[in-house]
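Just my_file15.txt here, compact mmCIF, C-alpha atoms:
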```txt
# COMPACT_ATOMS: atom_id res chain seq x y z
CA ALA A 1 -9.00 -12.53 6.73
CA GLN A 2 -7.78 -9.02 7.39
CA LYS A 3 -9.84 -5.87 7.16
CA ILE A 4 -8.98 -2.19 7.55
CA THR A 5 -11.69 0.45 7.97
CA GLN A 6 -11.17 4.16 7.37
CA THR A 7 -14.50 5.95 7.40
CA GLN A 8 -13.67 9.61 7.96
CA PRO A 9 -14.67 11.93 5.15
CA GLY A 10 -12.09 14.39 3.90
CA MET A 11 -10.31 16.00 6.85
CA PHE A 12 -9.26 19.64 7.16
CA VAL A 13 -6.75 21.07 9.60
CA GLN A 14 -5.24 24.47 10.15
CA GLU A 15 -1.51 24.75 9.64
CA LYS A 16 0.47 24.12 12.86
CA GLU A 17 -2.42 22.31 14.53
CA ALA A 18 -2.57 18.58 15.31
CA VAL A 19 -4.90 16.16 13.52
CA THR A 20 -5.95 12.55 14.15
CA LEU A 21 -6.76 10.17 11.32
CA ASP A 22 -8.83 7.17 12.38
CA CYS A 23 -8.23 3.52 11.55
CA THR A 24 -9.86 0.36 12.85
CA TYR A 25 -8.87 -3.15 11.88
CA ASP A 26 -9.87 -6.77 12.17
CA THR A 27 -7.76 -9.89 11.93
CA SER A 28 -7.55 -13.44 13.21
CA ASP A 29 -3.74 -13.37 13.17
CA PRO A 30 -2.31 -13.09 16.72
CA SER A 31 0.80 -11.31 15.43
CA TYR A 32 0.54 -8.46 12.97
CA GLY A 33 1.87 -5.08 11.99
CA LEU A 34 0.01 -1.84 11.39
CA PHE A 35 1.32 0.73 8.92
CA TRP A 36 0.46 4.18 7.71
CA TYR A 37 1.35 5.40 4.24
CA LYS A 38 1.10 8.86 2.73
CA GLN A 39 0.20 9.40 -0.92
CA PRO A 40 0.71 12.98 -2.09
CA SER A 41 -0.83 14.27 -5.31
CA SER A 42 2.31 13.15 -7.17
CA GLY A 43 1.13 9.57 -6.56
CA GLU A 44 3.98 7.77 -4.81
CA MET A 45 3.38 5.71 -1.67
CA ILE A 46 5.48 6.90 1.27
CA PHE A 47 5.85 4.74 4.38
CA LEU A 48 5.32 6.82 7.54
CA ILE A 49 5.12 4.67 10.65
CA TYR A 50 4.81 1.11 11.91
CA GLN A 51 3.26 -0.41 15.04
CA GLY A 52 3.69 -4.05 16.05
CA SER A 53 0.82 -5.86 17.71
CA TYR A 54 3.00 -6.81 20.66
CA ASP A 55 4.71 -3.43 21.06
CA GLN A 56 4.10 -2.01 24.52
CA GLN A 57 4.68 1.58 23.51
CA ASN A 58 2.95 3.63 20.84
CA ALA A 59 5.16 4.23 17.83
CA THR A 60 6.50 7.70 17.05
CA GLU A 61 8.41 9.02 14.03
CA GLY A 62 9.09 12.73 14.18
CA ARG A 63 5.74 14.54 13.91
CA TYR A 64 3.88 11.25 13.42
CA SER A 65 2.63 9.09 16.25
CA LEU A 66 0.35 6.12 16.31
CA ASN A 67 -2.35 5.86 18.98
CA PHE A 68 -2.62 2.07 19.26
CA GLN A 69 -5.48 0.63 21.27
CA LYS A 70 -5.31 -3.12 20.81
CA ALA A 71 -8.47 -4.01 22.72
CA ARG A 72 -10.47 -1.59 20.57
CA LYS A 73 -8.61 -2.68 17.42
CA SER A 74 -7.77 0.87 16.51
CA ALA A 75 -4.55 2.41 15.20
CA ASN A 76 -5.08 6.13 14.73
CA LEU A 77 -2.39 8.33 13.18
CA VAL A 78 -1.68 11.62 14.93
CA ILE A 79 0.14 14.33 12.99
CA SER A 80 1.40 17.15 15.18
CA ALA A 81 2.15 20.68 13.99
CA SER A 82 0.60 20.18 10.55
CA GLN A 83 2.41 21.58 7.53
CA LEU A 84 1.09 22.47 4.08
CA GLY A 85 3.11 19.57 2.70
CA ASP A 86 1.05 17.15 4.81
CA SER A 87 -1.88 17.63 2.42
CA ALA A 88 -2.26 14.16 0.92
CA MET A 89 -4.17 10.89 1.00
CA TYR A 90 -3.33 8.72 4.04
CA PHE A 91 -3.73 4.96 4.07
CA CYS A 92 -3.82 2.65 7.05
CA ALA A 93 -2.70 -0.90 6.34
CA MET A 94 -2.01 -4.12 8.17
CA ARG A 95 0.13 -7.15 7.56
CA GLY A 96 0.11 -10.53 9.24
CA ARG A 97 3.11 -12.65 9.89
CA ILE A 98 2.72 -15.67 7.67
CA GLY A 99 1.01 -17.16 4.66
CA ALA A 100 -1.87 -15.34 3.02
CA ASN A 101 -1.86 -12.74 5.79
CA SER A 102 1.67 -11.68 4.92
CA LYS A 103 0.33 -9.36 2.26
CA LEU A 104 -0.46 -5.74 3.12
CA THR A 105 -4.20 -5.00 3.31
CA PHE A 106 -5.18 -1.34 2.84
CA GLY A 107 -8.06 0.80 3.93
CA LYS A 108 -9.75 3.15 1.47
CA GLY A 109 -7.77 6.14 2.69
CA ILE A 110 -8.48 9.57 4.10
CA THR A 111 -7.84 12.85 2.32
CA LEU A 112 -6.18 15.46 4.52
CA SER A 113 -6.09 19.12 3.52
CA VAL A 114 -3.97 21.56 5.50
CA ARG A 115 -5.18 25.15 5.44
CA PRO A 116 -2.71 28.05 5.69
CA ASN B 1 19.85 2.83 -4.30
CA ALA B 2 17.19 2.39 -6.97
CA GLY B 3 14.73 0.51 -4.68
CA VAL B 4 11.70 -0.64 -6.69
CA THR B 5 11.68 0.39 -10.34
CA GLN B 6 8.56 0.20 -12.49
CA THR B 7 8.33 0.71 -16.22
CA PRO B 8 6.63 2.25 -18.09
CA LYS B 9 5.29 5.24 -16.15
CA PHE B 10 2.35 5.74 -18.48
CA ARG B 11 0.69 3.60 -21.14
CA ILE B 12 -2.43 3.75 -23.28
CA LEU B 13 -3.74 0.45 -24.62
CA LYS B 14 -6.56 -0.38 -26.99
CA ILE B 15 -9.12 -2.96 -25.91
CA GLY B 16 -7.81 -6.46 -26.57
CA GLN B 17 -4.13 -5.52 -26.67
CA SER B 18 -1.57 -7.13 -24.38
CA MET B 19 1.28 -5.69 -22.42
CA THR B 20 3.71 -6.42 -19.63
CA LEU B 21 4.37 -4.09 -16.74
CA GLN B 22 7.92 -4.44 -15.56
CA CYS B 23 9.05 -4.37 -11.94
CA ALA B 24 12.53 -4.79 -10.55
CA GLN B 25 13.97 -4.39 -7.07
CA ASP B 26 17.57 -4.30 -5.92
CA MET B 27 17.04 -4.76 -2.18
CA ASN B 28 17.21 -8.57 -2.24
CA HIS B 29 13.66 -8.79 -0.96
CA ASN B 30 11.98 -12.17 -1.20
CA TYR B 31 8.43 -10.84 -1.19
CA MET B 32 7.01 -8.91 -4.13
CA TYR B 33 3.50 -7.65 -4.85
CA TRP B 34 1.33 -6.08 -7.51
CA TYR B 35 -1.46 -3.73 -6.46
CA ARG B 36 -3.91 -1.67 -8.44
CA GLN B 37 -5.42 1.60 -7.30
CA ASP B 38 -8.63 2.91 -8.81
CA PRO B 39 -9.45 6.63 -8.48
CA GLY B 40 -10.19 7.69 -4.89
CA MET B 41 -9.72 4.16 -3.60
CA GLY B 42 -7.24 2.13 -1.64
CA LEU B 43 -4.89 -0.43 -3.11
CA LYS B 44 -6.12 -3.89 -4.03
CA LEU B 45 -3.75 -6.83 -4.30
CA ILE B 46 -3.55 -8.52 -7.69
CA TYR B 47 -0.79 -11.08 -7.21
CA TYR B 48 2.08 -11.64 -4.82
CA SER B 49 5.18 -13.78 -4.58
CA VAL B 50 7.14 -14.98 -1.58
CA GLY B 51 10.15 -16.02 -3.61
CA ALA B 52 11.45 -17.00 -7.01
CA GLY B 53 9.21 -19.61 -8.62
CA ILE B 54 6.30 -19.00 -6.21
CA THR B 55 3.29 -16.83 -6.98
CA ASP B 56 -0.18 -16.53 -5.48
CA LYS B 57 -3.42 -14.78 -6.34
CA GLY B 58 -4.54 -11.76 -4.42
CA GLU B 59 -7.92 -10.10 -4.22
CA VAL B 60 -8.37 -9.18 -7.92
CA PRO B 61 -6.29 -11.54 -10.12
CA ASN B 62 -8.69 -11.95 -13.07
CA GLY B 63 -7.25 -10.67 -16.33
CA TYR B 64 -3.65 -10.73 -15.11
CA ASN B 65 -0.74 -13.13 -14.99
CA VAL B 66 2.62 -12.98 -13.25
CA SER B 67 5.88 -14.87 -13.18
CA ARG B 68 8.83 -14.79 -10.79
CA SER B 69 11.89 -16.38 -12.35
CA THR B 70 14.39 -14.30 -10.34
CA THR B 71 14.40 -12.62 -6.95
CA GLU B 72 14.77 -9.21 -8.59
CA ASP B 73 12.00 -9.21 -11.21
CA PHE B 74 8.23 -9.60 -11.00
CA PRO B 75 6.51 -8.69 -14.28
CA LEU B 76 2.72 -8.35 -14.56
CA ARG B 77 1.09 -9.42 -17.80
CA LEU B 78 -2.23 -8.17 -19.15
CA GLU B 79 -3.35 -10.51 -21.93
CA LEU B 80 -6.56 -8.97 -23.29
CA ALA B 81 -6.85 -5.43 -22.02
CA ALA B 82 -10.31 -4.26 -20.96
CA PRO B 83 -11.52 -0.78 -19.90
CA SER B 84 -11.99 -2.14 -16.36
CA GLN B 85 -8.21 -2.48 -16.16
CA THR B 86 -7.73 1.27 -16.41
CA SER B 87 -5.95 1.99 -13.16
CA VAL B 88 -2.68 2.88 -11.50
CA TYR B 89 -0.52 -0.16 -10.89
CA PHE B 90 1.99 -0.35 -8.05
CA CYS B 91 4.70 -2.90 -7.57
CA ALA B 92 6.15 -3.37 -4.10
CA SER B 93 8.69 -5.51 -2.31
CA SER B 94 9.44 -6.39 1.28
CA LEU B 95 11.23 -8.64 3.68
CA PRO B 96 9.07 -11.36 5.23
CA GLY B 97 7.36 -10.80 8.56
CA GLY B 98 4.54 -8.64 9.83
CA ASN B 99 6.91 -5.90 10.96
CA SER B 100 8.42 -5.16 7.54
CA PRO B 101 7.00 -2.29 5.51
CA LEU B 102 6.43 -2.64 1.79
CA HIS B 103 8.60 -0.50 -0.46
CA PHE B 104 6.68 0.77 -3.45
CA GLY B 105 7.63 1.72 -6.96
CA ASN B 106 6.32 4.98 -8.40
CA GLY B 107 3.45 3.36 -10.23
CA THR B 108 2.31 2.83 -13.82
CA ARG B 109 -0.74 4.75 -15.02
CA LEU B 110 -2.58 2.55 -17.53
CA THR B 111 -5.52 3.65 -19.65
CA VAL B 112 -7.47 1.14 -21.76
CA THR B 113 -9.69 2.66 -24.44
```
Mind turning this structure into structure tokens?
Amino acid sequence: AQKITQTQPGMFVQEKEAVTLDCTYDTSDPSYGLFWYKQPSSGEMIFLIYQGSYDQQNATEGRYSLNFQKARKSANLVISASQLGDSAMYFCAMRGRIGANSKLTFGKGITLSVRP
Amino acid sequence: NAGVTQTPKFRILKIGQSMTLQCAQDMNHNYMYWYRQDPGMGLKLIYYSVGAGITDKGEVPNGYNVSRSTTEDFPLRLELAAPSQTSVYFCASSLPGGNSPLHFGNGTRLTVT
């Protein structure tokens, strides 16, 4: 079974500052992927970044980076230089390689508000 | 590219009515999924399919049915709508493998009264 835990309450950040959104996970699958999605108030799910369990380097996509600590089973999202448009709900998710684990399991999400 | 298309965008049902939520993808993805999202919560998996003719239950399948007769389409059927099924429904598709992200449709907001 797969489990994603996001326990931070609503997060606030000042525009242009960096923010870290926490995510811990649990799985018995030796090979898996970790994903972050953004859900703005308009409701769509936007894929942000992916980290493979065997990747040696932390993933980066523009202003997004993933702080992956495999031994601690954590996959925190770092957003640098926050913008007002980053205000949204952020979901951490994981996906195994085969069978029942091939579905995407989501955490409960974290609300981020960017202050001007 | 259309990606994943869901219809309708909004729907209000009376208790006991039935309806089908449509989902189609044009990316030739084998894997398709239905999730529901309750207010302030994450997404919970209802059903998924790894290919035409194959479907499997997810976390919360009760009250729903699916079929997968083609690679492109994955409709979700609600037979006897209940207030507990008021939610936002997302369809998604992906390639197989743990490194492939899911591509989501824009969601269907369903209210059962």
Give me, please, the distance in Å between atom CA of B:Gly107 and atom CA of B:Val88, quoted to one decimal.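 Going from atom CA of B:Gly107 over to atom CA of B:Val88 covers 6.3 Å.
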Skipping near chain neighbours, those fewer than 4 positions away, what residues fall within 8 Å of stretch 49-55 of chain B using only C-alpha atoms, listed as a PyMOL selection string? chain B and resi 30-33+66-71+96
Just need the residues of chain B within 6 Å of chain A, counting all atoms listed in the file, so spit them out as an mmCIF file with C-alpha atoms, in the coordinates of the input.
```cif
data_model
loop_
_atom_site.group_PDB
_atom_site.id
_atom_site.type_symbol
_atom_site.label_atom_id
_atom_site.label_comp_id
_atom_site.auth_asym_id
_atom_site.auth_seq_id
_atom_site.Cartn_x
_atom_site.Cartn_y
_atom_site.Cartn_z
ATOM 1 C CA MET B 41 -9.720 4.160 -3.600
ATOM 2 C CA GLY B 42 -7.240 2.130 -1.640
ATOM 3 C CA GLY B 97 7.360 -10.800 8.560
ATOM 4 C CA GLY B 98 4.540 -8.640 9.830
ATOM 5 C CA ASN B 99 6.910 -5.900 10.960
ATOM 6 C CA ASN B 106 6.320 4.980 -8.400
#
```
Tell me, in Å to one decimal, how far atom CA of A:Ser80 is from atom CA of A:Leu21.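 Interatomic distance here is 11.4 Å.
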Have a look at atom CA of A:Met11 and atom CA of A:Gln69 and let me know their distance in Å, one decimal.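 Calculated distance between atom CA of A:Met11 and atom CA of A:Gln69 is 21.6 Å.
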Residues near A:Lys73, cut-off 12 Å, all atoms listed in the file, skip fewer than 4 positions along chain, as a PyMOL selection string: chain A and resi 2-5+22-28+32+34+53+67-69+94
